[in-house]
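Colleague: Please read through the structure below; I'll follow up with questions.
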Amino acid sequence: DFAYFLNKSTEIGFIQNNNHPILNITGLPGAKLNEAVMFENNSLGVVTGISEAFIQVATYSKIPLPVDSKVIRTSMSIRLPVGEELLGKTVDVFNNPTNVSSTPNDITDTVSLDILPKNISTRKKITQPYYTGVAVVDVLLPLGKGQRELIIGDTQTGKTSFLLQLCSFQVKMGSIVIYCCIGKSKSDIKSIEHYLDTYKLKDRAILYISESTDPLISIISAPLAAMSTAEWFCTHGYDVTLILD
């Protein structure tokens, strides 16, 4: 929390200008790009720009922070708790379950929010087919396991419905599904949650949510968190389907 980092740090900053969710901070001369900072209300921010007069911070706080509020450096980038305990959970961009009663216990491993992808030369060639469970797609558009695929189309044309059918089939095939909602409405998120619960997919799935009303940095961070978590599961021997919606 804020008191912990306050005791460790020799630099204390103050909010000079608030154009929520972008803040100008003075008093943190040692801050580095992409470093996490913490505000008095224990919300986090990320350093996105540095100048001689101030540093620029994007805040995850949903409410505007008052000018002259204290800010403290953490001397680290944002790291996420990750492990099998996340399966079956609906989580935010920090891998915190949105349902307090379902907080995972004893997660000791962590990953960086924004990890560097492996060099393409270190990745294996695609040799196995990937099936969506939708016959017309599997016949007309052969996919490979490990392939990236873009699904495009106008709104309300069934893209999410197709992705949910894909989730159901991949869970039956033994894969883990990580579904990331990027800036979606609460009703859309509830609909996806309801589908995962109804078809008993939740135990093999992780649902990341960022709502359209969230700060911009939260919406940007949601796919980064989902990708970092997917990489962790891949390196631990799981087949993973990652969906960014």
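In the structure tokens, each chain is lettered A, B, ... as it comes, each chain's residues begin at 1, and ligands are numbered from 1 in order of appearance.
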Please tabulate, as a Markdown table, the residues of stretch 74-110 of chain A that come within 8 Å of stretch 212-236 of chain A, each with its closest pair of atoms and the distance in Å to one decimal, counting only C-alpha atoms and ordering rows by chain, then residue number upward.
Modeller:
```
| residue | atom | partner | partner_atom | distance |
| --- | --- | --- | --- | --- |
| A:Leu80 | CA | A:Ala225 | CA | 7.7 |
| A:Val82 | CA | A:Thr229 | CA | 6.6 |
| A:Gly83 | CA | A:Phe233 | CA | 8.0 |
| A:Asp92 | CA | A:Ala222 | CA | 7.4 |
| A:Val93 | CA | A:Ala222 | CA | 5.0 |
| A:Phe94 | CA | A:Ala225 | CA | 7.2 |
| A:Asn95 | CA | A:Ala225 | CA | 7.6 |
```
Colleague: Restricting it to N, CA and C atoms, dump the selection as a PDB file, in the first residue's frame.
Modeller:
```
ATOM      1  N   LEU A  80       1.738  -8.980 -12.212  1.00  0.00           N
ATOM      2  CA  LEU A  80       0.444  -9.615 -11.968  1.00  0.00           C
ATOM      3  C   LEU A  80       0.633 -10.965 -11.289  1.00  0.00           C
ATOM      4  N   VAL A  82      -0.135 -14.732 -10.902  1.00  0.00           N
ATOM      5  CA  VAL A  82      -0.627 -15.655 -11.930  1.00  0.00           C
ATOM      6  C   VAL A  82      -0.444 -17.087 -11.467  1.00  0.00           C
ATOM      7  N   GLY A  83      -1.408 -17.914 -11.800  1.00  0.00           N
ATOM      8  CA  GLY A  83      -1.358 -19.323 -11.422  1.00  0.00           C
ATOM      9  C   GLY A  83      -2.658 -20.007 -11.795  1.00  0.00           C
ATOM     10  N   ASP A  92      -9.878  -8.376 -13.174  1.00  0.00           N
ATOM     11  CA  ASP A  92      -9.596  -7.078 -13.779  1.00  0.00           C
ATOM     12  C   ASP A  92      -8.184  -7.098 -14.368  1.00  0.00           C
ATOM     13  N   VAL A  93      -7.685  -5.936 -14.731  1.00  0.00           N
ATOM     14  CA  VAL A  93      -6.386  -5.868 -15.417  1.00  0.00           C
ATOM     15  C   VAL A  93      -5.212  -6.196 -14.489  1.00  0.00           C
ATOM     16  N   PHE A  94      -5.465  -6.251 -13.166  1.00  0.00           N
ATOM     17  CA  PHE A  94      -4.408  -6.609 -12.216  1.00  0.00           C
ATOM     18  C   PHE A  94      -4.536  -8.058 -11.753  1.00  0.00           C
ATOM     19  N   ASN A  95      -5.359  -8.836 -12.439  1.00  0.00           N
ATOM     20  CA  ASN A  95      -5.634 -10.231 -12.073  1.00  0.00           C
ATOM     21  C   ASN A  95      -6.313 -10.360 -10.714  1.00  0.00           C
TER      22      ASN A  95
END
```
Colleague: What residues in stretch 102-180 of chain A get the DSSP label alpha helix (DSSP H)? Please answer as a list of chain:residue names.
Modeller: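 Checking each residue of stretch 102-180 of chain A, the alpha helix (DSSP H) ones are A:Ala135, A:Val136, A:Val137, A:Asp138, A:Val139, A:Leu140, A:Lys159, A:Thr160, A:Ser161, A:Phe162, A:Leu163, A:Leu164, A:Gln165, A:Leu166, A:Cys167, A:Ser168, A:Phe169, A:Gln170, A:Val171, A:Lys172.
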Colleague: Rank A:Val67, A:Val111, A:Ile189, A:Ile176 by their smallest atom-to-atom distance to A:Pro81, using only C-alpha atoms, and report the top residue only.
Modeller: A:Val111
Colleague: Near stretch 49-64 of chain A, counting only C-alpha atoms, which residues have an atom at most 7 Å away, once you skip same-chain residues fewer than 2 positions from it, shown as number ranges by chain?
Modeller: A: 20-26, 33, 43-47, 66, 214-215, 217-218
Colleague: If you keep N, CA, C and O atoms, can you produce a file of those selected residues as a compact mmCIF listing (two decimals), in the first residue's frame?
Modeller:
```txt
# COMPACT_ATOMS: atom_id res chain seq x y z
N HIS A 20 -7.85 14.20 -16.03
CA HIS A 20 -8.15 12.78 -15.84
C HIS A 20 -8.45 12.07 -17.16
O HIS A 20 -9.24 12.57 -17.96
N PRO A 21 -7.78 10.92 -17.43
CA PRO A 21 -6.92 10.15 -16.53
C PRO A 21 -5.43 10.43 -16.68
O PRO A 21 -4.59 9.63 -16.23
N ILE A 22 -5.05 11.55 -17.35
CA ILE A 22 -3.65 11.90 -17.51
C ILE A 22 -3.29 12.98 -16.50
O ILE A 22 -3.97 14.01 -16.40
N LEU A 23 -2.22 12.75 -15.74
CA LEU A 23 -1.82 13.67 -14.68
C LEU A 23 -0.39 14.15 -14.92
O LEU A 23 0.46 13.40 -15.42
N ASN A 24 -0.13 15.40 -14.53
CA ASN A 24 1.24 15.91 -14.50
C ASN A 24 1.72 15.89 -13.06
O ASN A 24 1.07 16.44 -12.17
N ILE A 25 2.87 15.26 -12.82
CA ILE A 25 3.39 15.06 -11.46
C ILE A 25 4.74 15.75 -11.32
O ILE A 25 5.62 15.61 -12.19
N THR A 26 4.93 16.47 -10.23
CA THR A 26 6.24 17.06 -9.92
C THR A 26 6.82 16.36 -8.70
O THR A 26 6.10 15.80 -7.88
N LEU A 33 10.25 5.63 -17.43
CA LEU A 33 9.12 5.28 -18.27
C LEU A 33 8.59 3.89 -17.93
O LEU A 33 9.37 2.96 -17.66
N SER A 43 -4.50 3.81 -5.37
CA SER A 43 -4.65 3.48 -6.78
C SER A 43 -3.30 3.62 -7.47
O SER A 43 -2.39 4.30 -6.99
N LEU A 44 -3.18 2.95 -8.62
CA LEU A 44 -1.91 2.92 -9.33
C LEU A 44 -1.96 3.78 -10.59
O LEU A 44 -3.03 4.09 -11.11
N GLY A 45 -0.77 4.13 -11.06
CA GLY A 45 -0.61 4.81 -12.33
C GLY A 45 0.68 4.35 -12.97
O GLY A 45 1.49 3.67 -12.35
N VAL A 46 0.86 4.71 -14.23
CA VAL A 46 2.06 4.33 -14.98
C VAL A 46 2.65 5.57 -15.62
O VAL A 46 1.93 6.40 -16.20
N VAL A 47 3.98 5.71 -15.50
CA VAL A 47 4.68 6.84 -16.09
C VAL A 47 4.68 6.68 -17.61
O VAL A 47 5.20 5.69 -18.14
N PRO A 66 -7.47 14.61 -6.63
CA PRO A 66 -7.32 16.06 -6.39
C PRO A 66 -5.89 16.54 -6.61
O PRO A 66 -4.92 15.80 -6.38
N ASP A 214 -14.27 2.56 -18.04
CA ASP A 214 -13.00 2.50 -17.32
C ASP A 214 -12.02 3.53 -17.89
O ASP A 214 -12.15 3.97 -19.05
N PRO A 215 -11.00 3.93 -17.09
CA PRO A 215 -9.96 4.80 -17.62
C PRO A 215 -9.29 4.17 -18.84
O PRO A 215 -9.19 2.94 -18.95
N ILE A 217 -6.25 3.80 -19.68
CA ILE A 217 -5.12 2.92 -19.41
C ILE A 217 -5.58 1.52 -19.00
O ILE A 217 -4.93 0.52 -19.29
N SER A 218 -6.74 1.42 -18.34
CA SER A 218 -7.29 0.12 -17.98
C SER A 218 -7.72 -0.65 -19.22
O SER A 218 -7.50 -1.87 -19.32
```
Colleague: For A:Lys190, please output as a PyMOL selection string all residues within 12 Å (counting only C-alpha atoms; exclusion window: fewer than 4 positions along the same chain).
Modeller: chain A and resi 90+181+184-186+194-198+207+209+211
Colleague: Among stretch 21-238 of chain A, which residues carry a DSSP assignment of strand (DSSP E or B), reported as a VMD selection string?
Modeller: chain A and resid 22 to 26 36 to 39 44 to 50 55 to 59 70 to 73 79 to 81 90 to 91 97 110 to 112 129 to 130 143 to 144 176 to 184 205 to 211
Colleague: Stretch 117-129 of chain A: which residues within 10 Å, counting only C-alpha atoms, same-chain residues fewer than 4 positions away excluded, as an MDAnalysis selection string?
Modeller: chainID A and resid 138 142:147 227:228 231
Colleague: For A:Val137, which of A:Ser75, A:Asn99, A:Gln165, A:Ser187 is the closest residue, counting only C-alpha atoms?
Modeller: A:Gln165
Colleague: My list of candidates is A:Phe39, A:Glu84, A:Leu242, A:Ser161. Which is closest to A:Glu149 when distances are computed with only C-alpha atoms?
Modeller: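 Of A:Phe39, A:Glu84, A:Leu242, A:Ser161, the one nearest A:Glu149 is A:Leu242, counting only C-alpha atoms.
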Colleague: Quick one: residues within 10 Å of A:Asn7, only C-alpha atoms counted, chain neighbours fewer than 4 positions away excluded, as a VMD selection string?
Modeller: chain A and resid 2 to 3 72
